[in-house]
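Okay, input-v5.pdb is below, PDB, C-alpha atoms, pLDDT in the B column:
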ATOM      1  CA  MET A  27     -17.379  -9.798  15.825  1.00 62.00           C
ATOM      2  CA  SER A  28     -14.504  -8.590  17.962  1.00 76.00           C
ATOM      3  CA  GLU A  29     -13.707  -5.920  15.336  1.00 86.00           C
ATOM      4  CA  PHE A  30     -16.721  -3.955  16.598  1.00 88.00           C
ATOM      5  CA  ILE A  31     -15.434  -3.804  20.155  1.00 93.00           C
ATOM      6  CA  LYS A  32     -11.967  -2.945  18.834  1.00 94.00           C
ATOM      7  CA  LYS A  33     -13.451   0.033  16.991  1.00 93.00           C
ATOM      8  CA  ALA A  34     -15.351   1.158  20.116  1.00 92.00           C
ATOM      9  CA  ILE A  35     -12.181   0.944  22.201  1.00 94.00           C
ATOM     10  CA  SER A  36     -10.177   2.834  19.569  1.00 94.00           C
ATOM     11  CA  ASN A  37     -12.778   5.596  19.530  1.00 93.00           C
ATOM     12  CA  LEU A  38     -12.052   6.136  23.216  1.00 91.00           C
ATOM     13  CA  LEU A  39      -8.281   5.588  23.051  1.00 94.00           C
ATOM     14  CA  PRO A  40      -6.346   4.506  19.907  1.00 94.00           C
ATOM     15  CA  ILE A  41      -4.976   0.992  20.374  1.00 94.00           C
ATOM     16  CA  ASN A  42      -1.960  -0.792  18.886  1.00 94.00           C
ATOM     17  CA  GLU A  43      -1.918  -4.427  17.841  1.00 94.00           C
ATOM     18  CA  SER A  44       0.009  -5.779  20.829  1.00 94.00           C
ATOM     19  CA  GLU A  45      -2.401  -4.172  23.323  1.00 94.00           C
ATOM     20  CA  TRP A  46      -5.358  -5.427  21.301  1.00 95.00           C
ATOM     21  CA  GLU A  47      -4.012  -8.982  21.148  1.00 94.00           C
ATOM     22  CA  ALA A  48      -3.506  -9.045  24.929  1.00 93.00           C
ATOM     23  CA  PHE A  49      -7.140  -7.984  25.336  1.00 95.00           C
ATOM     24  CA  GLU A  50      -8.647 -10.150  22.594  1.00 95.00           C
ATOM     25  CA  THR A  51      -7.348 -13.391  24.097  1.00 95.00           C
ATOM     26  CA  LYS A  52      -9.461 -12.725  27.200  1.00 96.00           C
ATOM     27  CA  LEU A  53     -12.757 -12.131  25.381  1.00 96.00           C
ATOM     28  CA  PHE A  54     -15.603 -14.608  25.334  1.00 96.00           C
ATOM     29  CA  LYS A  55     -18.962 -14.705  23.583  1.00 96.00           C
ATOM     30  CA  LYS A  56     -22.247 -14.849  25.476  1.00 97.00           C
ATOM     31  CA  GLU A  57     -25.659 -15.369  23.894  1.00 97.00           C
ATOM     32  CA  ILE A  58     -28.722 -14.351  25.880  1.00 98.00           C
ATOM     33  CA  LYS A  59     -32.270 -15.091  24.773  1.00 98.00           C
ATOM     34  CA  LYS A  60     -35.069 -12.535  24.955  1.00 97.00           C
ATOM     35  CA  GLY A  61     -36.308 -12.288  28.538  1.00 97.00           C
ATOM     36  CA  GLN A  62     -33.173 -13.828  30.059  1.00 98.00           C
ATOM     37  CA  TYR A  63     -30.832 -11.879  32.322  1.00 98.00           C
ATOM     38  CA  PHE A  64     -27.266 -10.630  32.026  1.00 98.00           C
ATOM     39  CA  LEU A  65     -27.467  -9.679  35.708  1.00 97.00           C
ATOM     40  CA  HIS A  66     -29.962 -10.353  38.481  1.00 96.00           C
ATOM     41  CA  LYS A  67     -30.598  -7.863  41.261  1.00 95.00           C
ATOM     42  CA  ASP A  68     -28.726  -8.655  44.489  1.00 95.00           C
ATOM     43  CA  HIS A  69     -25.888 -10.306  42.531  1.00 97.00           C
ATOM     44  CA  THR A  70     -22.438  -8.823  42.031  1.00 97.00           C
ATOM     45  CA  ILE A  71     -21.474  -8.380  38.398  1.00 96.00           C
ATOM     46  CA  ASN A  72     -18.205  -9.921  37.281  1.00 96.00           C
ATOM     47  CA  ALA A  73     -17.926  -8.841  33.639  1.00 96.00           C
ATOM     48  CA  ILE A  74     -18.294  -6.070  31.117  1.00 96.00           C
ATOM     49  CA  GLY A  75     -20.181  -6.920  27.945  1.00 97.00           C
ATOM     50  CA  PHE A  76     -20.192  -5.306  24.525  1.00 97.00           C
ATOM     51  CA  ILE A  77     -23.439  -5.724  22.592  1.00 97.00           C
ATOM     52  CA  THR A  78     -22.883  -6.981  19.046  1.00 96.00           C
ATOM     53  CA  SER A  79     -26.571  -7.712  18.428  1.00 96.00           C
ATOM     54  CA  GLY A  80     -29.797  -7.265  20.336  1.00 97.00           C
ATOM     55  CA  SER A  81     -30.828  -4.986  23.178  1.00 96.00           C
ATOM     56  CA  PHE A  82     -31.097  -4.835  26.955  1.00 98.00           C
ATOM     57  CA  ARG A  83     -32.788  -2.832  29.656  1.00 97.00           C
ATOM     58  CA  THR A  84     -31.471  -2.025  33.101  1.00 96.00           C
ATOM     59  CA  PHE A  85     -34.326  -1.745  35.587  1.00 96.00           C
ATOM     60  CA  CYS A  86     -35.247  -1.843  39.241  1.00 94.00           C
ATOM     61  CA  ILE A  87     -38.475  -2.312  41.174  1.00 90.00           C
ATOM     62  CA  ASP A  88     -39.657   0.581  43.335  1.00 87.00           C
ATOM     63  CA  ASN A  89     -41.373   0.321  46.730  1.00 86.00           C
ATOM     64  CA  THR A  90     -44.795   0.036  45.053  1.00 87.00           C
ATOM     65  CA  GLY A  91     -43.694  -2.992  43.026  1.00 84.00           C
ATOM     66  CA  GLU A  92     -43.501  -1.067  39.755  1.00 88.00           C
ATOM     67  CA  GLU A  93     -40.621  -1.682  37.345  1.00 91.00           C
ATOM     68  CA  ILE A  94     -38.574   1.417  36.554  1.00 93.00           C
ATOM     69  CA  THR A  95     -36.476   1.259  33.393  1.00 94.00           C
ATOM     70  CA  TYR A  96     -33.236   3.070  34.162  1.00 92.00           C
ATOM     71  CA  CYS A  97     -31.262   2.465  30.945  1.00 93.00           C
ATOM     72  CA  LEU A  98     -31.752   1.045  27.470  1.00 95.00           C
ATOM     73  CA  HIS A  99     -28.777  -0.523  25.689  1.00 96.00           C
ATOM     74  CA  PHE A 100     -28.266  -1.405  22.022  1.00 96.00           C
ATOM     75  CA  GLU A 101     -25.620  -2.599  19.559  1.00 95.00           C
ATOM     76  CA  ASN A 102     -22.095  -1.212  19.866  1.00 94.00           C
ATOM     77  CA  GLU A 103     -22.578  -0.196  23.495  1.00 95.00           C
ATOM     78  CA  PHE A 104     -20.856  -1.514  26.597  1.00 95.00           C
ATOM     79  CA  LEU A 105     -23.035  -3.193  29.198  1.00 95.00           C
ATOM     80  CA  THR A 106     -22.418  -3.614  32.906  1.00 95.00           C
ATOM     81  CA  ALA A 107     -23.650  -2.498  36.331  1.00 94.00           C
ATOM     82  CA  PHE A 108     -20.761  -0.121  36.901  1.00 91.00           C
ATOM     83  CA  GLU A 109     -21.431   0.600  40.577  1.00 91.00           C
ATOM     84  CA  SER A 110     -21.440  -3.123  41.374  1.00 95.00           C
ATOM     85  CA  LEU A 111     -18.365  -3.687  39.214  1.00 94.00           C
ATOM     86  CA  ILE A 112     -16.392  -1.060  41.142  1.00 92.00           C
ATOM     87  CA  THR A 113     -17.638  -1.597  44.691  1.00 94.00           C
ATOM     88  CA  ARG A 114     -18.021  -5.413  44.429  1.00 95.00           C
ATOM     89  CA  GLU A 115     -21.378  -5.009  46.150  1.00 96.00           C
ATOM     90  CA  PRO A 116     -24.640  -6.578  44.916  1.00 96.00           C
ATOM     91  CA  SER A 117     -26.446  -4.572  42.261  1.00 96.00           C
ATOM     92  CA  ILE A 118     -29.792  -2.931  42.903  1.00 93.00           C
ATOM     93  CA  PHE A 119     -30.564  -3.406  39.190  1.00 95.00           C
ATOM     94  CA  ASP A 120     -31.553  -6.246  36.892  1.00 97.00           C
ATOM     95  CA  ILE A 121     -30.212  -6.292  33.335  1.00 98.00           C
ATOM     96  CA  GLN A 122     -32.528  -8.171  30.976  1.00 98.00           C
ATOM     97  CA  ALA A 123     -32.410  -8.904  27.235  1.00 98.00           C
ATOM     98  CA  MET A 124     -35.281  -7.333  25.301  1.00 97.00           C
ATOM     99  CA  GLU A 125     -34.336  -9.318  22.178  1.00 96.00           C
ATOM    100  CA  ASP A 126     -32.207 -12.365  21.452  1.00 97.00           C
ATOM    101  CA  SER A 127     -28.782 -10.837  21.978  1.00 98.00           C
ATOM    102  CA  THR A 128     -25.077 -11.533  21.621  1.00 97.00           C
ATOM    103  CA  LEU A 129     -22.349 -10.041  23.794  1.00 97.00           C
ATOM    104  CA  ILE A 130     -18.577 -10.082  23.667  1.00 96.00           C
ATOM    105  CA  CYS A 131     -17.461 -10.085  27.317  1.00 97.00           C
ATOM    106  CA  ILE A 132     -14.397  -9.790  29.482  1.00 96.00           C
ATOM    107  CA  ASN A 133     -14.245 -10.851  33.109  1.00 97.00           C
ATOM    108  CA  LYS A 134     -13.412  -8.219  35.704  1.00 96.00           C
ATOM    109  CA  SER A 135     -10.462 -10.265  36.972  1.00 96.00           C
ATOM    110  CA  ASP A 136      -8.924 -10.311  33.487  1.00 97.00           C
ATOM    111  CA  LEU A 137      -9.524  -6.605  33.048  1.00 95.00           C
ATOM    112  CA  ASP A 138      -7.945  -5.896  36.437  1.00 95.00           C
ATOM    113  CA  GLN A 139      -4.892  -7.864  35.365  1.00 96.00           C
ATOM    114  CA  LEU A 140      -4.598  -5.762  32.207  1.00 96.00           C
ATOM    115  CA  TYR A 141      -4.859  -2.608  34.328  1.00 94.00           C
ATOM    116  CA  LYS A 142      -1.947  -3.801  36.458  1.00 94.00           C
ATOM    117  CA  THR A 143       0.340  -4.777  33.599  1.00 93.00           C
ATOM    118  CA  SER A 144      -0.422  -2.214  30.899  1.00 95.00           C
ATOM    119  CA  HIS A 145      -0.306   1.580  30.977  1.00 95.00           C
ATOM    120  CA  TYR A 146      -2.622   1.600  27.950  1.00 96.00           C
ATOM    121  CA  TRP A 147      -5.332  -0.400  29.702  1.00 96.00           C
ATOM    122  CA  GLU A 148      -4.927   1.598  32.897  1.00 95.00           C
ATOM    123  CA  CYS A 149      -5.580   4.783  30.864  1.00 96.00           C
ATOM    124  CA  PHE A 150      -8.472   3.112  29.077  1.00 95.00           C
ATOM    125  CA  GLY A 151     -10.056   2.149  32.406  1.00 93.00           C
ATOM    126  CA  ARG A 152      -9.890   5.742  33.612  1.00 94.00           C
ATOM    127  CA  LEU A 153     -11.351   7.119  30.368  1.00 94.00           C
ATOM    128  CA  PHE A 154     -14.060   4.453  30.361  1.00 92.00           C
ATOM    129  CA  ALA A 155     -15.053   5.380  33.923  1.00 91.00           C
ATOM    130  CA  GLU A 156     -15.093   9.089  33.034  1.00 93.00           C
ATOM    131  CA  ARG A 157     -17.271   8.444  29.964  1.00 91.00           C
ATOM    132  CA  PHE A 158     -19.635   6.321  32.024  1.00 89.00           C
ATOM    133  CA  TYR A 159     -19.881   9.069  34.647  1.00 91.00           C
ATOM    134  CA  VAL A 160     -20.710  11.746  32.047  1.00 93.00           C
ATOM    135  CA  ILE A 161     -23.399   9.563  30.473  1.00 90.00           C
ATOM    136  CA  ARG A 162     -25.025   8.992  33.854  1.00 88.00           C
ATOM    137  CA  GLN A 163     -24.837  12.674  34.798  1.00 92.00           C
ATOM    138  CA  ASN A 164     -26.521  13.612  31.531  1.00 92.00           C
ATOM    139  CA  ARG A 165     -29.222  11.050  32.270  1.00 90.00           C
ATOM    140  CA  TYR A 166     -29.842  12.598  35.720  1.00 91.00           C
ATOM    141  CA  LYS A 167     -29.845  16.104  34.246  1.00 93.00           C
ATOM    142  CA  ASP A 168     -32.410  15.161  31.616  1.00 91.00           C
ATOM    143  CA  LEU A 169     -34.712  13.586  34.203  1.00 90.00           C
ATOM    144  CA  LEU A 170     -34.439  16.535  36.588  1.00 91.00           C
ATOM    145  CA  LEU A 171     -34.380  19.523  34.247  1.00 93.00           C
ATOM    146  CA  GLU A 172     -35.771  18.616  30.831  1.00 93.00           C
ATOM    147  CA  THR A 173     -39.317  18.012  29.642  1.00 92.00           C
ATOM    148  CA  ALA A 174     -40.683  14.605  28.734  1.00 91.00           C
ATOM    149  CA  GLU A 175     -40.963  15.819  25.133  1.00 92.00           C
ATOM    150  CA  TYR A 176     -37.259  16.670  25.095  1.00 92.00           C
ATOM    151  CA  ARG A 177     -36.350  13.250  26.526  1.00 93.00           C
ATOM    152  CA  TYR A 178     -38.556  11.552  23.944  1.00 92.00           C
ATOM    153  CA  LEU A 179     -37.008  13.426  21.011  1.00 92.00           C
ATOM    154  CA  LYS A 180     -33.484  12.843  22.303  1.00 93.00           C
ATOM    155  CA  LEU A 181     -34.150   9.106  22.574  1.00 92.00           C
ATOM    156  CA  LEU A 182     -35.717   8.980  19.122  1.00 91.00           C
ATOM    157  CA  ASP A 183     -32.782  10.889  17.633  1.00 92.00           C
ATOM    158  CA  LYS A 184     -30.321   8.380  19.075  1.00 92.00           C
ATOM    159  CA  TYR A 185     -32.394   5.264  18.291  1.00 92.00           C
ATOM    160  CA  PRO A 186     -34.738   6.012  15.337  1.00 91.00           C
ATOM    161  CA  ASP A 187     -36.108   2.444  15.194  1.00 92.00           C
ATOM    162  CA  ILE A 188     -36.668   2.075  18.928  1.00 93.00           C
ATOM    163  CA  PHE A 189     -40.468   1.702  18.673  1.00 91.00           C
ATOM    164  CA  GLN A 190     -39.989  -1.291  16.377  1.00 92.00           C
ATOM    165  CA  ARG A 191     -37.717  -2.983  18.933  1.00 93.00           C
ATOM    166  CA  VAL A 192     -38.780  -1.977  22.435  1.00 92.00           C
ATOM    167  CA  PRO A 193     -42.222  -2.185  24.098  1.00 92.00           C
ATOM    168  CA  GLN A 194     -43.746   1.251  24.564  1.00 92.00           C
ATOM    169  CA  TYR A 195     -44.133   0.817  28.334  1.00 92.00           C
ATOM    170  CA  TYR A 196     -40.354   0.346  28.683  1.00 94.00           C
ATOM    171  CA  ILE A 197     -39.779   3.503  26.655  1.00 94.00           C
ATOM    172  CA  ALA A 198     -42.304   5.452  28.727  1.00 94.00           C
ATOM    173  CA  SER A 199     -40.680   4.263  31.954  1.00 94.00           C
ATOM    174  CA  PHE A 200     -37.228   5.257  30.674  1.00 93.00           C
ATOM    175  CA  ILE A 201     -38.500   8.744  29.829  1.00 93.00           C
ATOM    176  CA  GLY A 202     -40.157   8.967  33.250  1.00 91.00           C
ATOM    177  CA  ILE A 203     -43.823   9.050  32.225  1.00 91.00           C
ATOM    178  CA  ARG A 204     -46.833   6.754  31.834  1.00 91.00           C
ATOM    179  CA  PRO A 205     -47.487   4.966  28.507  1.00 88.00           C
ATOM    180  CA  GLN A 206     -50.629   7.077  27.981  1.00 89.00           C
ATOM    181  CA  SER A 207     -48.573  10.258  28.265  1.00 90.00           C
ATOM    182  CA  LEU A 208     -46.056   8.903  25.774  1.00 90.00           C
ATOM    183  CA  SER A 209     -48.873   8.187  23.310  1.00 89.00           C
ATOM    184  CA  ARG A 210     -50.049  11.798  23.643  1.00 90.00           C
ATOM    185  CA  ILE A 211     -46.535  13.142  23.119  1.00 90.00           C
ATOM    186  CA  ARG A 212     -46.097  11.049  19.977  1.00 88.00           C
ATOM    187  CA  LYS A 213     -49.424  12.233  18.569  1.00 85.00           C
ATOM    188  CA  ASN A 214     -48.737  15.881  19.394  1.00 83.00           C
ATOM    189  CA  ILE A 215     -45.209  15.939  17.955  1.00 77.00           C
ATOM    190  CA  TYR A 216     -45.803  13.802  14.857  1.00 63.00           C
ATOM    191  CA  PRO A 217     -49.576  13.615  14.371  1.00 48.00           C
ATOM    192  CA  ALA A 218     -49.335  12.282  10.834  1.00 42.00           C
ATOM    193  CA  LYS A 219     -46.442   9.876  11.266  1.00 46.00           C
ATOM    194  CA  ARG A 220     -46.744   8.519  14.788  1.00 43.00           C
ATOM    195  CA  SER A 221     -50.401   8.363  15.685  1.00 39.00           C
TER     196      SER A 221
END
How does the structure come out when it is put into structure tokens?
Amino acid sequence: MSEFIKKAISNLLPINESEWEAFETKLFKKEIKKGQYFLHKDHTINAIGFITSGSFRTFCIDNTGEEITYCLHFENEFLTAFESLITREPSIFDIQAMEDSTLICINKSDLDQLYKTSHYWECFGRLFAERFYVIRQNRYKDLLLETAEYRYLKLLDKYPDIFQRVPQYYIASFIGIRPQSLSRIRKNIYPAKRS
């Protein structure tokens, strides 16, 4: 399964065999059952995962006690609480498996060691952080400036089978609306297909 993470890394920065071998020896597999957690709120994350199967949601609980889904994560995506990883402070988020899932992980301490000893991995770390930043900025922009319909269509374009895998109330929360509003959007946009 490590070939999938190798491809994802190469898409960000082409990698040679010696750099890959140094990285691959530090990887470990983690299986997480549906409903179990990759990270609990108020804990500091110590690893980056790469999803080879399954899905996760990153969420927090607001001051009314309602769960707010901040991110959805699927196969061939990296998974971590980046703010906690960098600052070494406890996360305000939980990361929970929505399906039985498998991750290929690397501990932060091992990654830090690669950063210190390899120019390649130091460059990769910078590019990874920049990519993460852009993804989060686009997420904020969509929530602040775009319509719920736009956010729905964008999500559906990226993950066409999402409604077969993720409960609708998680999807609605991610888009920033109530489940009833999501049902109306689906009926209005695709009345024949998605009613």
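Using only C-alpha atoms, the nearest neighbour of His145 in chain A within the list A:Val192, A:Ile35, A:Ile41, A:Cys97 is A:Ile41.
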In Å and to one decimal, CA of Leu111 in chain A is distant from CA of Ala73 in chain A by 7.6 Å
Applied to the shown file, which residues does the PyMOL selection byres ((chain A and resi 199) around 10) return, written as a VMD selection string?
-> chain A and resid 85 92 to 97 194 to 198 200 to 205 208
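All residues of protein, DNA or RNA that reach within 6 Å of Ser79 in chain A, judged by only C-alpha atoms and not counting those fewer than 5 positions away in the chain, are Glu101, Ser127 and Thr128 of chain A.
The smallest atom-to-atom distance between Gln122 in chain A and any of A:Thr84, A:Asn89, A:Thr78, A:Ser207, using all atoms listed in the file, is found for A:Thr84.
Taking only C-alpha atoms, the non-local environment of Asp68 in chain A within 12 Å (same-chain residues fewer than 6 positions away omitted) comprises Cys86, Ala107, Ser110, Arg114, Glu115, Pro116, Ser117, Ile118, Phe119, Asp120 and Ile121 of chain A.
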Explicit residue set for the PyMOL selection byres ((chain A and resi 185-190) around 12), as a ChimeraX atom specification | /A:80-82,98-101,124-125,178-184,191-198,208-209,212,220
Expected file: the selected residues, C-alpha atoms, as a PDB file, in the frame of the given file:
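Wrote it out as again.pdb, contents follow:
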ATOM      1  CA  GLY A  80     -29.797  -7.265  20.336  1.00 97.00           C
ATOM      2  CA  SER A  81     -30.828  -4.986  23.178  1.00 96.00           C
ATOM      3  CA  PHE A  82     -31.097  -4.835  26.955  1.00 98.00           C
ATOM      4  CA  LEU A  98     -31.752   1.045  27.470  1.00 95.00           C
ATOM      5  CA  HIS A  99     -28.777  -0.523  25.689  1.00 96.00           C
ATOM      6  CA  PHE A 100     -28.266  -1.405  22.022  1.00 96.00           C
ATOM      7  CA  GLU A 101     -25.620  -2.599  19.559  1.00 95.00           C
ATOM      8  CA  MET A 124     -35.281  -7.333  25.301  1.00 97.00           C
ATOM      9  CA  GLU A 125     -34.336  -9.318  22.178  1.00 96.00           C
ATOM     10  CA  TYR A 178     -38.556  11.552  23.944  1.00 92.00           C
ATOM     11  CA  LEU A 179     -37.008  13.426  21.011  1.00 92.00           C
ATOM     12  CA  LYS A 180     -33.484  12.843  22.303  1.00 93.00           C
ATOM     13  CA  LEU A 181     -34.150   9.106  22.574  1.00 92.00           C
ATOM     14  CA  LEU A 182     -35.717   8.980  19.122  1.00 91.00           C
ATOM     15  CA  ASP A 183     -32.782  10.889  17.633  1.00 92.00           C
ATOM     16  CA  LYS A 184     -30.321   8.380  19.075  1.00 92.00           C
ATOM     17  CA  ARG A 191     -37.717  -2.983  18.933  1.00 93.00           C
ATOM     18  CA  VAL A 192     -38.780  -1.977  22.435  1.00 92.00           C
ATOM     19  CA  PRO A 193     -42.222  -2.185  24.098  1.00 92.00           C
ATOM     20  CA  GLN A 194     -43.746   1.251  24.564  1.00 92.00           C
ATOM     21  CA  TYR A 195     -44.133   0.817  28.334  1.00 92.00           C
ATOM     22  CA  TYR A 196     -40.354   0.346  28.683  1.00 94.00           C
ATOM     23  CA  ILE A 197     -39.779   3.503  26.655  1.00 94.00           C
ATOM     24  CA  ALA A 198     -42.304   5.452  28.727  1.00 94.00           C
ATOM     25  CA  LEU A 208     -46.056   8.903  25.774  1.00 90.00           C
ATOM     26  CA  SER A 209     -48.873   8.187  23.310  1.00 89.00           C
ATOM     27  CA  ARG A 212     -46.097  11.049  19.977  1.00 88.00           C
ATOM     28  CA  ARG A 220     -46.744   8.519  14.788  1.00 43.00           C
TER      29      ARG A 220
END
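For the file shown, the residue list from the PyMOL selection byres ((chain A and resi 76) around 8) reads Ile31, Ile74, Gly75, Ile77, Thr78, Glu101, Asn102, Glu103, Phe104, Leu105, Leu129, Ile130 and Cys131 of chain A.
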Copy range 99-129 of chain A out of the block into a file, keeping N, CA and C atoms, as a tab-separated table (two decimals), in the first residue's frame.
chain	number	residue	atom	x	y	z
A	99	HIS	N	-12.33	13.64	4.85
A	99	HIS	CA	-11.08	13.11	4.30
A	99	HIS	C	-11.33	11.71	3.73
A	100	PHE	N	-10.75	11.45	2.56
A	100	PHE	CA	-10.96	10.18	1.88
A	100	PHE	C	-9.64	9.60	1.37
A	101	GLU	N	-9.73	8.48	0.65
A	101	GLU	CA	-8.54	7.79	0.17
A	101	GLU	C	-7.59	8.73	-0.57
A	102	ASN	N	-6.31	8.44	-0.41
A	102	ASN	CA	-5.22	9.16	-1.09
A	102	ASN	C	-5.09	10.60	-0.62
A	103	GLU	N	-5.51	10.85	0.61
A	103	GLU	CA	-5.34	12.17	1.22
A	103	GLU	C	-4.55	12.01	2.52
A	104	PHE	N	-3.77	13.04	2.83
A	104	PHE	CA	-3.05	13.06	4.10
A	104	PHE	C	-4.01	13.49	5.21
A	105	LEU	N	-3.72	13.02	6.41
A	105	LEU	CA	-4.61	13.28	7.55
A	105	LEU	C	-3.78	13.64	8.77
A	106	THR	N	-4.05	14.81	9.31
A	106	THR	CA	-3.44	15.23	10.57
A	106	THR	C	-4.19	16.45	11.09
A	107	ALA	N	-3.88	16.88	12.29
A	107	ALA	CA	-4.34	18.18	12.81
A	107	ALA	C	-3.12	19.08	12.72
A	108	PHE	N	-2.99	19.80	11.62
A	108	PHE	CA	-1.74	20.47	11.28
A	108	PHE	C	-1.34	21.51	12.32
A	109	GLU	N	-2.31	22.25	12.85
A	109	GLU	CA	-1.99	23.27	13.84
A	109	GLU	C	-1.36	22.63	15.08
A	110	SER	N	-1.93	21.52	15.53
A	110	SER	CA	-1.40	20.82	16.69
A	110	SER	C	-0.03	20.22	16.38
A	111	LEU	N	0.13	19.71	15.17
A	111	LEU	CA	1.40	19.12	14.76
A	111	LEU	C	2.52	20.14	14.81
A	112	ILE	N	2.23	21.37	14.37
A	112	ILE	CA	3.25	22.42	14.32
A	112	ILE	C	3.51	23.03	15.70
A	113	THR	N	2.43	23.39	16.39
A	113	THR	CA	2.58	24.14	17.64
A	113	THR	C	2.87	23.24	18.83
A	114	ARG	N	2.56	21.92	18.70
A	114	ARG	CA	2.68	20.95	19.79
A	114	ARG	C	1.71	21.27	20.92
A	115	GLU	N	0.63	21.96	20.58
A	115	GLU	CA	-0.43	22.25	21.53
A	115	GLU	C	-1.60	21.30	21.29
A	116	PRO	N	-2.44	21.06	22.30
A	116	PRO	CA	-3.59	20.18	22.12
A	116	PRO	C	-4.52	20.68	21.02
A	117	SER	N	-5.09	19.76	20.29
A	117	SER	CA	-6.00	20.10	19.20
A	117	SER	C	-7.37	20.48	19.72
A	118	ILE	N	-8.02	21.40	19.02
A	118	ILE	CA	-9.41	21.71	19.35
A	118	ILE	C	-10.36	20.78	18.59
A	119	PHE	N	-9.81	19.93	17.73
A	119	PHE	CA	-10.61	19.05	16.89
A	119	PHE	C	-10.49	17.59	17.30
A	120	ASP	N	-11.55	16.83	16.99
A	120	ASP	CA	-11.52	15.38	16.98
A	120	ASP	C	-11.39	14.94	15.53
A	121	ILE	N	-10.71	13.82	15.30
A	121	ILE	CA	-10.68	13.19	13.98
A	121	ILE	C	-11.19	11.77	14.14
A	122	GLN	N	-12.32	11.48	13.49
A	122	GLN	CA	-13.02	10.21	13.70
A	122	GLN	C	-13.22	9.48	12.37
A	123	ALA	N	-13.07	8.16	12.40
A	123	ALA	CA	-13.32	7.35	11.20
A	123	ALA	C	-14.82	7.24	10.94
A	124	MET	N	-15.22	7.50	9.70
A	124	MET	CA	-16.61	7.34	9.30
A	124	MET	C	-16.87	5.95	8.73
A	125	GLU	N	-15.79	5.25	8.38
A	125	GLU	CA	-15.84	3.88	7.87
A	125	GLU	C	-14.65	3.13	8.47
A	126	ASP	N	-14.66	1.82	8.41
A	126	ASP	CA	-13.45	1.08	8.73
A	126	ASP	C	-12.35	1.59	7.80
A	127	SER	N	-11.22	1.97	8.35
A	127	SER	CA	-10.22	2.69	7.57
A	127	SER	C	-8.81	2.17	7.86
A	128	THR	N	-7.94	2.36	6.88
A	128	THR	CA	-6.54	2.00	7.01
A	128	THR	C	-5.68	3.21	6.65
A	129	LEU	N	-4.69	3.47	7.50
A	129	LEU	CA	-3.76	4.57	7.30
A	129	LEU	C	-2.33	4.04	7.23
